[in-house]
>>> print(open('my_file_9.cif').read())   # mmCIF, C-alpha atoms
data_start
loop_
_atom_site.label_atom_id
_atom_site.label_comp_id
_atom_site.auth_asym_id
_atom_site.auth_seq_id
_atom_site.Cartn_x
_atom_site.Cartn_y
_atom_site.Cartn_z
CA MET C 15 -237.28 -115.70 11.83
CA PHE C 16 -238.28 -112.82 14.06
CA SER C 17 -237.56 -114.85 17.20
CA PHE C 18 -234.11 -115.69 15.88
CA ALA C 19 -233.41 -112.04 15.06
CA MET C 20 -234.64 -111.00 18.52
CA LEU C 21 -232.36 -113.53 20.15
CA LYS C 22 -229.38 -112.30 18.18
CA THR C 23 -230.00 -108.55 18.58
CA GLY C 24 -232.10 -108.15 21.73
CA ASP C 25 -233.90 -105.23 20.09
CA ARG C 26 -237.43 -105.52 18.68
CA MET C 27 -237.08 -102.72 16.11
CA ILE C 28 -233.73 -103.95 14.83
CA ALA C 29 -235.08 -107.52 14.62
CA GLU C 30 -238.10 -106.34 12.65
CA ASP C 31 -235.91 -104.34 10.27
CA LEU C 32 -233.55 -107.27 9.72
CA VAL C 33 -236.43 -109.65 8.97
CA GLN C 34 -237.91 -107.13 6.51
CA GLU C 35 -234.51 -106.69 4.87
CA THR C 36 -234.25 -110.47 4.63
CA PHE C 37 -237.55 -110.75 2.79
CA LEU C 38 -236.65 -107.86 0.49
CA SER C 39 -233.32 -109.48 -0.35
CA ALA C 40 -235.04 -112.80 -0.95
CA ILE C 41 -237.58 -111.21 -3.30
CA LYS C 42 -234.81 -109.50 -5.23
CA ALA C 43 -232.80 -112.73 -5.45
CA LYS C 44 -235.69 -115.18 -5.96
CA ASP C 45 -234.54 -115.98 -9.50
CA SER C 46 -231.13 -117.03 -8.19
CA PHE C 47 -232.64 -119.48 -5.66
CA GLN C 48 -231.62 -122.88 -6.99
CA GLY C 49 -233.68 -125.03 -4.63
CA ASN C 50 -230.66 -126.88 -3.20
CA SER C 51 -232.13 -126.24 0.25
CA SER C 52 -235.56 -125.47 1.58
CA GLU C 53 -236.83 -121.92 1.30
CA LYS C 54 -236.79 -121.71 5.09
CA THR C 55 -233.09 -122.63 5.19
CA TRP C 56 -232.34 -120.14 2.42
CA LEU C 57 -234.16 -117.35 4.28
CA ALA C 58 -232.42 -118.26 7.53
CA ALA C 59 -229.03 -117.99 5.81
CA ILE C 60 -229.94 -114.57 4.41
CA LEU C 61 -231.09 -113.44 7.88
CA LYS C 62 -227.89 -114.71 9.50
CA ASN C 63 -225.84 -112.68 7.01
CA LYS C 64 -228.00 -109.60 7.65
CA ILE C 65 -227.37 -109.96 11.38
CA ILE C 66 -223.61 -110.29 10.85
CA ASP C 67 -223.68 -107.21 8.61
CA HIS C 68 -225.64 -105.36 11.30
CA TYR C 69 -222.94 -106.06 13.90
CA ARG C 70 -220.18 -105.15 11.47
CA LYS C 71 -221.83 -101.82 10.65
CA LYS C 72 -222.31 -101.00 14.31
CA GLU C 73 -218.71 -102.02 14.92
CA ILE C 74 -219.76 -103.42 18.29
CA LEU C 75 -216.65 -105.53 18.51
CA LYS C 76 -214.29 -102.88 17.20
CA GLN C 77 -211.43 -102.43 19.62
CA ALA C 78 -212.42 -105.55 21.56
CA ASP C 79 -208.91 -105.74 22.98
CA THR C 80 -209.28 -102.25 24.50
CA TYR C 81 -212.65 -103.18 25.99
CA LEU C 82 -211.36 -106.46 27.39
CA SER C 83 -208.30 -104.92 28.99
CA SER C 84 -210.25 -101.97 30.42
CA THR C 85 -212.81 -104.29 32.04
CA ASN C 86 -210.38 -106.99 33.11
CA ASP C 87 -209.90 -105.81 36.70
CA SER C 88 -213.59 -105.21 37.40
CA PHE C 89 -214.60 -108.53 35.86
CA HIS C 90 -211.94 -110.43 37.77
CA ALA C 91 -212.82 -108.67 41.05
CA ALA C 92 -216.52 -109.49 40.60
CA PHE C 93 -215.97 -113.24 40.30
CA PHE C 94 -212.49 -114.22 41.44
CA SER C 95 -210.30 -113.77 44.50
CA ASN C 96 -207.56 -111.15 44.54
CA ASN C 97 -206.17 -112.60 47.75
CA GLU C 98 -202.56 -113.63 47.24
CA ASP C 99 -203.19 -117.14 48.65
CA ASN C 100 -206.32 -117.75 46.55
CA TRP C 101 -205.63 -115.56 43.52
CA GLY C 102 -207.73 -116.68 40.56
CA HIS C 103 -210.01 -118.91 42.63
CA TRP C 104 -213.75 -118.25 42.76
CA ASN C 105 -215.14 -115.84 45.35
CA LYS C 106 -217.47 -117.66 47.75
CA GLU C 107 -220.46 -115.58 46.60
CA THR C 108 -219.90 -116.18 42.89
CA ALA C 109 -218.52 -119.73 42.87
CA PRO C 110 -220.56 -122.12 40.73
CA SER C 111 -223.24 -123.87 42.77
CA GLU C 112 -224.44 -127.45 42.54
CA TRP C 113 -227.44 -127.43 40.23
CA SER C 114 -230.55 -129.43 41.02
CA ALA C 115 -230.77 -133.11 40.18
CA GLN C 116 -233.62 -132.57 37.72
CA SER C 117 -233.15 -134.03 34.29
CA ALA C 118 -230.93 -131.70 32.26
CA ASP C 119 -233.08 -132.35 29.19
CA ALA C 120 -236.24 -131.35 31.03
CA ILE C 121 -234.64 -128.10 32.19
CA VAL C 122 -233.22 -127.18 28.80
CA ASN C 123 -236.52 -127.95 27.05
CA SER C 124 -238.49 -125.80 29.49
CA LYS C 125 -240.01 -122.64 28.00
CA GLU C 126 -239.46 -120.84 31.27
CA PHE C 127 -235.77 -121.73 31.14
CA TYR C 128 -235.48 -120.22 27.66
CA LYS C 129 -237.08 -117.00 28.90
CA ILE C 130 -234.47 -116.76 31.65
CA LEU C 131 -231.66 -117.67 29.23
CA LEU C 132 -232.78 -114.90 26.85
CA TYR C 133 -232.94 -112.51 29.78
CA CYS C 134 -229.38 -113.44 30.74
CA ILE C 135 -228.14 -112.97 27.18
CA GLU C 136 -229.87 -109.57 26.95
CA LYS C 137 -228.13 -108.48 30.17
CA MET C 138 -224.74 -109.46 28.79
CA PRO C 139 -222.49 -106.58 27.61
CA ALA C 140 -222.98 -105.82 23.92
CA LYS C 141 -219.38 -106.72 23.11
CA LEU C 142 -219.81 -110.25 24.47
CA ALA C 143 -223.30 -111.23 23.28
CA PRO C 144 -222.73 -111.61 19.51
CA VAL C 145 -219.71 -113.86 20.01
CA PHE C 146 -221.51 -115.94 22.67
CA LEU C 147 -224.54 -116.35 20.39
CA ALA C 148 -222.43 -117.27 17.38
CA ARG C 149 -220.63 -119.94 19.40
CA PHE C 150 -223.40 -121.46 21.48
CA ILE C 151 -226.61 -120.75 19.57
CA ASP C 152 -225.32 -120.93 16.00
CA GLU C 153 -222.68 -123.51 16.98
CA ASP C 154 -220.16 -121.79 14.75
CA ASP C 155 -216.47 -122.63 15.18
CA ALA C 156 -213.89 -120.29 16.68
CA GLU C 157 -212.01 -119.69 13.43
CA ASN C 158 -215.18 -118.58 11.63
CA ILE C 159 -216.28 -116.36 14.49
CA CYS C 160 -212.87 -114.68 14.67
CA LYS C 161 -213.03 -114.00 10.95
CA GLU C 162 -216.66 -112.76 11.01
CA PHE C 163 -216.10 -110.38 13.92
CA ASN C 164 -212.46 -109.54 13.16
CA LEU C 165 -211.22 -110.85 16.53
CA SER C 166 -207.88 -112.24 17.54
CA SER C 167 -207.94 -115.78 18.89
CA SER C 168 -207.00 -114.62 22.39
CA ASN C 169 -209.78 -111.99 22.43
CA TYR C 170 -212.24 -114.63 21.27
CA TRP C 171 -211.37 -116.95 24.16
CA VAL C 172 -211.51 -114.15 26.73
CA ILE C 173 -214.93 -113.10 25.43
CA ILE C 174 -216.20 -116.70 25.53
CA HIS C 175 -214.87 -117.20 29.07
CA ARG C 176 -216.45 -114.00 30.36
CA ALA C 177 -219.75 -114.66 28.62
CA LYS C 178 -219.97 -118.18 30.04
CA VAL C 179 -219.22 -116.94 33.55
CA LEU C 180 -221.85 -114.20 33.25
CA VAL C 181 -224.51 -116.53 31.82
CA ARG C 182 -223.86 -119.17 34.45
CA ASN C 183 -224.03 -116.59 37.22
CA CYS C 184 -227.26 -115.15 35.84
CA LEU C 185 -228.84 -118.59 35.37
CA GLU C 186 -227.96 -119.54 38.92
CA LYS C 187 -229.49 -116.38 40.34
CA ASN C 188 -232.61 -116.46 38.18
CA TRP C 189 -233.26 -120.14 37.53
CA PHE C 190 -231.29 -122.94 39.15
CA LEU C 191 -231.10 -121.64 42.69
CA LYS C 192 -234.72 -120.44 42.53
CA THR C 193 -236.03 -123.82 41.35
CA GLN C 194 -234.36 -125.86 44.10
#
>>> encode(input="my_file_9.cif", output="structure tokens")
Amino acid sequence: MFSFAMLKTGDRMIAEDLVQETFLSAIKAKDSFQGNSSEKTWLAAILKNKIIDHYRKKEILKQADTYLSSTNDSFHAAFFSNNEDNWGHWNKETAPSEWSAQSADAIVNSKEFYKILLYCIEKMPAKLAPVFLARFIDEDDAENICKEFNLSSSNYWVIIHRAKVLVRNCLEKNWFLKTQ
């Protein structure tokens, strides 16, 4: 549970607090546990809700549209061409590279890969990380994520696009291009 909370928050103290709050909530609600799922699943659901509440309280994604529009030019300039002939195409330095021919399963199952992936997620701007994690770690659907984080559909897709570009760029610099 702690590892999951660390992945979702990137902060050891917050993760510890959320896990403690999860256990306290579970103890208080133990009589209402009906046994329809395993205790582990029940605790994981409580923790997930605690994490969502944490992000709501911090209002990390409040005014996401302002953040996205204020960072649009710098994000675009960092990855894409502003040249009139190539506008919107990748810059040579940041264009996706061909990844090694190693088995994708072997790479994804590698502990070292997960360390680098966590590093890349931690480096991601705070307004992007929770949405990225909800989509790709929790495998939640867009509609749910928009409702949980009070996002418009267009803001959701911009956040997902930027997060994927940043993670790919980070993985290439710190994993794929180093392992070739």
>>> atom_distance(input="my_file_9.cif", atom1="CA of Asp31 (chain C)", atom2="CA of Leu180 (chain C)")
28.7 Å
>>> resolve_selection(input="my_file_9.cif", expression="the PyMOL selection byres ((chain C and resi 143) around 12)", output="ChimeraX atom specification")
/C:21-24,69,74-75,132-142,144-151,163,170,173-178,180-181
>>> write_last_selection(input="my_file_9.cif", atoms="C-alpha atoms", output="PDB file, in the coordinates of the input")
ATOM      1  CA  LEU C  21    -232.360-113.530  20.150  1.00  0.00           C
ATOM      2  CA  LYS C  22    -229.380-112.300  18.180  1.00  0.00           C
ATOM      3  CA  THR C  23    -230.000-108.550  18.580  1.00  0.00           C
ATOM      4  CA  GLY C  24    -232.100-108.150  21.730  1.00  0.00           C
ATOM      5  CA  TYR C  69    -222.940-106.060  13.900  1.00  0.00           C
ATOM      6  CA  ILE C  74    -219.760-103.420  18.290  1.00  0.00           C
ATOM      7  CA  LEU C  75    -216.650-105.530  18.510  1.00  0.00           C
ATOM      8  CA  LEU C 132    -232.780-114.900  26.850  1.00  0.00           C
ATOM      9  CA  TYR C 133    -232.940-112.510  29.780  1.00  0.00           C
ATOM     10  CA  CYS C 134    -229.380-113.440  30.740  1.00  0.00           C
ATOM     11  CA  ILE C 135    -228.140-112.970  27.180  1.00  0.00           C
ATOM     12  CA  GLU C 136    -229.870-109.570  26.950  1.00  0.00           C
ATOM     13  CA  LYS C 137    -228.130-108.480  30.170  1.00  0.00           C
ATOM     14  CA  MET C 138    -224.740-109.460  28.790  1.00  0.00           C
ATOM     15  CA  PRO C 139    -222.490-106.580  27.610  1.00  0.00           C
ATOM     16  CA  ALA C 140    -222.980-105.820  23.920  1.00  0.00           C
ATOM     17  CA  LYS C 141    -219.380-106.720  23.110  1.00  0.00           C
ATOM     18  CA  LEU C 142    -219.810-110.250  24.470  1.00  0.00           C
ATOM     19  CA  PRO C 144    -222.730-111.610  19.510  1.00  0.00           C
ATOM     20  CA  VAL C 145    -219.710-113.860  20.010  1.00  0.00           C
ATOM     21  CA  PHE C 146    -221.510-115.940  22.670  1.00  0.00           C
ATOM     22  CA  LEU C 147    -224.540-116.350  20.390  1.00  0.00           C
ATOM     23  CA  ALA C 148    -222.430-117.270  17.380  1.00  0.00           C
ATOM     24  CA  ARG C 149    -220.630-119.940  19.400  1.00  0.00           C
ATOM     25  CA  PHE C 150    -223.400-121.460  21.480  1.00  0.00           C
ATOM     26  CA  ILE C 151    -226.610-120.750  19.570  1.00  0.00           C
ATOM     27  CA  PHE C 163    -216.100-110.380  13.920  1.00  0.00           C
ATOM     28  CA  TYR C 170    -212.240-114.630  21.270  1.00  0.00           C
ATOM     29  CA  ILE C 173    -214.930-113.100  25.430  1.00  0.00           C
ATOM     30  CA  ILE C 174    -216.200-116.700  25.530  1.00  0.00           C
ATOM     31  CA  HIS C 175    -214.870-117.200  29.070  1.00  0.00           C
ATOM     32  CA  ARG C 176    -216.450-114.000  30.360  1.00  0.00           C
ATOM     33  CA  ALA C 177    -219.750-114.660  28.620  1.00  0.00           C
ATOM     34  CA  LYS C 178    -219.970-118.180  30.040  1.00  0.00           C
ATOM     35  CA  LEU C 180    -221.850-114.200  33.250  1.00  0.00           C
ATOM     36  CA  VAL C 181    -224.510-116.530  31.820  1.00  0.00           C
TER      37      VAL C 181
END
>>> closest_residue(input="my_file_9.cif", among="C:Val179, C:Asn50, C:Gln77, C:Leu185", to="Ala92 (chain C)", atoms="only C-alpha atoms")
C:Val179
>>> residues_near_point(input="my_file_9.cif", point="(-238.8, -116.5, 17.9)", cutoff="12 Å", atoms="all atoms listed in the file", output="PDB file with C-alpha atoms, in the coordinates of the input")
ATOM      1  CA  MET C  15    -237.280-115.700  11.830  1.00  0.00           C
ATOM      2  CA  PHE C  16    -238.280-112.820  14.060  1.00  0.00           C
ATOM      3  CA  SER C  17    -237.560-114.850  17.200  1.00  0.00           C
ATOM      4  CA  PHE C  18    -234.110-115.690  15.880  1.00  0.00           C
ATOM      5  CA  ALA C  19    -233.410-112.040  15.060  1.00  0.00           C
ATOM      6  CA  MET C  20    -234.640-111.000  18.520  1.00  0.00           C
ATOM      7  CA  LEU C  21    -232.360-113.530  20.150  1.00  0.00           C
ATOM      8  CA  LYS C  22    -229.380-112.300  18.180  1.00  0.00           C
ATOM      9  CA  THR C  23    -230.000-108.550  18.580  1.00  0.00           C
ATOM     10  CA  GLY C  24    -232.100-108.150  21.730  1.00  0.00           C
ATOM     11  CA  ARG C  26    -237.430-105.520  18.680  1.00  0.00           C
ATOM     12  CA  ALA C  29    -235.080-107.520  14.620  1.00  0.00           C
ATOM     13  CA  GLU C  30    -238.100-106.340  12.650  1.00  0.00           C
ATOM     14  CA  VAL C  33    -236.430-109.650   8.970  1.00  0.00           C
ATOM     15  CA  LYS C 125    -240.010-122.640  28.000  1.00  0.00           C
ATOM     16  CA  TYR C 128    -235.480-120.220  27.660  1.00  0.00           C
ATOM     17  CA  LYS C 129    -237.080-117.000  28.900  1.00  0.00           C
ATOM     18  CA  LEU C 132    -232.780-114.900  26.850  1.00  0.00           C
TER      19      LEU C 132
END
>>> resolve_selection(input="my_file_9.cif", expression="the PyMOL selection byres ((chain C and resi 110) around 8)", output="short mmCIF file (atom, residue, chain, number, x, y, z; two decimals) with C-alpha atoms, in the coordinates of the input")
data_model
loop_
_atom_site.label_atom_id
_atom_site.label_comp_id
_atom_site.auth_asym_id
_atom_site.auth_seq_id
_atom_site.Cartn_x
_atom_site.Cartn_y
_atom_site.Cartn_z
CA THR C 108 -219.90 -116.18 42.89
CA ALA C 109 -218.52 -119.73 42.87
CA SER C 111 -223.24 -123.87 42.77
CA GLU C 112 -224.44 -127.45 42.54
CA ARG C 182 -223.86 -119.17 34.45
CA ASN C 183 -224.03 -116.59 37.22
#
>>> residues_around(input="my_file_9.cif", residues="region 88-90 of chain C", least_positions_apart="5", cutoff="9 Å", atoms="only C-alpha atoms", output="list in words")
Ser95, Asn96, Gly102 and Arg176 of chain C
>>> write_last_selection(input="my_file_9.cif", atoms="C-alpha atoms", output="PDB file, keeping the file's coordinate frame")
ATOM      1  CA  SER C  95    -210.300-113.770  44.500  1.00  0.00           C
ATOM      2  CA  ASN C  96    -207.560-111.150  44.540  1.00  0.00           C
ATOM      3  CA  GLY C 102    -207.730-116.680  40.560  1.00  0.00           C
ATOM      4  CA  ARG C 176    -216.450-114.000  30.360  1.00  0.00           C
TER       5      ARG C 176
END
>>> atom_distance(input="my_file_9.cif", atom1="CA of Lys64 (chain C)", atom2="CA of Trp171 (chain C)")
24.6 Å
>>> atom_distance(input="my_file_9.cif", atom1="CA of Phe94 (chain C)", atom2="CA of Lys106 (chain C)")
8.7 Å
>>> closest_residue(input="my_file_9.cif", among="C:Asp99, C:Ile130, C:Ser124, C:Ser83", to="Asn169 (chain C)", atoms="only C-alpha atoms")
C:Ser83
>>> closest_residue(input="my_file_9.cif", among="C:Ser168, C:Ile159, C:Asp154, C:Glu126", to="Trp189 (chain C)", atoms="all atoms listed in the file")
C:Glu126
>>> build_atoms(input="my_file_9.cif", residues="region 25-53 of chain C", atoms="N, CA and C atoms", output="short mmCIF file (atom, residue, chain, number, x, y, z; two decimals), keeping the file's coordinate frame")
data_model
loop_
_atom_site.label_atom_id
_atom_site.label_comp_id
_atom_site.auth_asym_id
_atom_site.auth_seq_id
_atom_site.Cartn_x
_atom_site.Cartn_y
_atom_site.Cartn_z
N ASP C 25 -233.19 -106.48 20.34
CA ASP C 25 -233.90 -105.23 20.09
C ASP C 25 -235.02 -105.49 19.08
N ARG C 26 -236.25 -105.22 19.51
CA ARG C 26 -237.43 -105.52 18.68
C ARG C 26 -237.39 -104.79 17.33
N MET C 27 -237.08 -103.50 17.36
CA MET C 27 -237.08 -102.72 16.11
C MET C 27 -236.00 -103.20 15.15
N ILE C 28 -234.83 -103.46 15.68
CA ILE C 28 -233.73 -103.95 14.83
C ILE C 28 -234.10 -105.31 14.26
N ALA C 29 -234.67 -106.19 15.08
CA ALA C 29 -235.08 -107.52 14.62
C ALA C 29 -236.11 -107.41 13.50
N GLU C 30 -237.09 -106.53 13.68
CA GLU C 30 -238.10 -106.34 12.65
C GLU C 30 -237.48 -105.85 11.35
N ASP C 31 -236.58 -104.87 11.46
CA ASP C 31 -235.91 -104.34 10.27
C ASP C 31 -235.09 -105.42 9.56
N LEU C 32 -234.37 -106.23 10.33
CA LEU C 32 -233.55 -107.27 9.72
C LEU C 32 -234.40 -108.33 9.01
N VAL C 33 -235.53 -108.68 9.61
CA VAL C 33 -236.43 -109.65 8.97
C VAL C 33 -237.00 -109.06 7.68
N GLN C 34 -237.40 -107.78 7.73
CA GLN C 34 -237.91 -107.13 6.51
C GLN C 34 -236.83 -107.07 5.43
N GLU C 35 -235.61 -106.72 5.83
CA GLU C 35 -234.51 -106.69 4.87
C GLU C 35 -234.25 -108.08 4.28
N THR C 36 -234.43 -109.10 5.10
CA THR C 36 -234.25 -110.47 4.63
C THR C 36 -235.25 -110.80 3.54
N PHE C 37 -236.52 -110.47 3.79
CA PHE C 37 -237.55 -110.75 2.79
C PHE C 37 -237.35 -109.93 1.52
N LEU C 38 -236.92 -108.68 1.67
CA LEU C 38 -236.65 -107.86 0.49
C LEU C 38 -235.50 -108.44 -0.33
N SER C 39 -234.46 -108.85 0.35
CA SER C 39 -233.32 -109.48 -0.35
C SER C 39 -233.74 -110.77 -1.04
N ALA C 40 -234.58 -111.54 -0.37
CA ALA C 40 -235.04 -112.80 -0.95
C ALA C 40 -235.89 -112.55 -2.19
N ILE C 41 -236.75 -111.54 -2.13
CA ILE C 41 -237.58 -111.21 -3.30
C ILE C 41 -236.71 -110.79 -4.46
N LYS C 42 -235.71 -109.96 -4.17
CA LYS C 42 -234.81 -109.50 -5.23
C LYS C 42 -233.99 -110.64 -5.83
N ALA C 43 -233.68 -111.64 -5.00
CA ALA C 43 -232.80 -112.73 -5.45
C ALA C 43 -233.57 -114.02 -5.73
N LYS C 44 -234.90 -113.95 -5.81
CA LYS C 44 -235.69 -115.18 -5.96
C LYS C 44 -235.32 -115.96 -7.22
N ASP C 45 -234.91 -115.28 -8.27
CA ASP C 45 -234.54 -115.98 -9.50
C ASP C 45 -233.22 -116.75 -9.35
N SER C 46 -232.41 -116.34 -8.39
CA SER C 46 -231.13 -117.03 -8.19
C SER C 46 -231.26 -118.20 -7.21
N PHE C 47 -232.42 -118.35 -6.58
CA PHE C 47 -232.64 -119.48 -5.66
C PHE C 47 -232.69 -120.76 -6.47
N GLN C 48 -231.75 -121.67 -6.19
CA GLN C 48 -231.62 -122.88 -6.99
C GLN C 48 -232.38 -124.07 -6.42
N GLY C 49 -232.91 -123.94 -5.23
CA GLY C 49 -233.68 -125.03 -4.63
C GLY C 49 -232.82 -126.13 -4.04
N ASN C 50 -231.53 -125.88 -3.81
CA ASN C 50 -230.66 -126.88 -3.20
C ASN C 50 -230.96 -127.08 -1.72
N SER C 51 -231.69 -126.15 -1.14
CA SER C 51 -232.13 -126.24 0.25
C SER C 51 -233.58 -125.79 0.30
N SER C 52 -234.19 -125.94 1.46
CA SER C 52 -235.56 -125.47 1.58
C SER C 52 -235.57 -123.95 1.59
N GLU C 53 -236.71 -123.37 1.29
CA GLU C 53 -236.83 -121.92 1.30
C GLU C 53 -236.56 -121.37 2.71
#
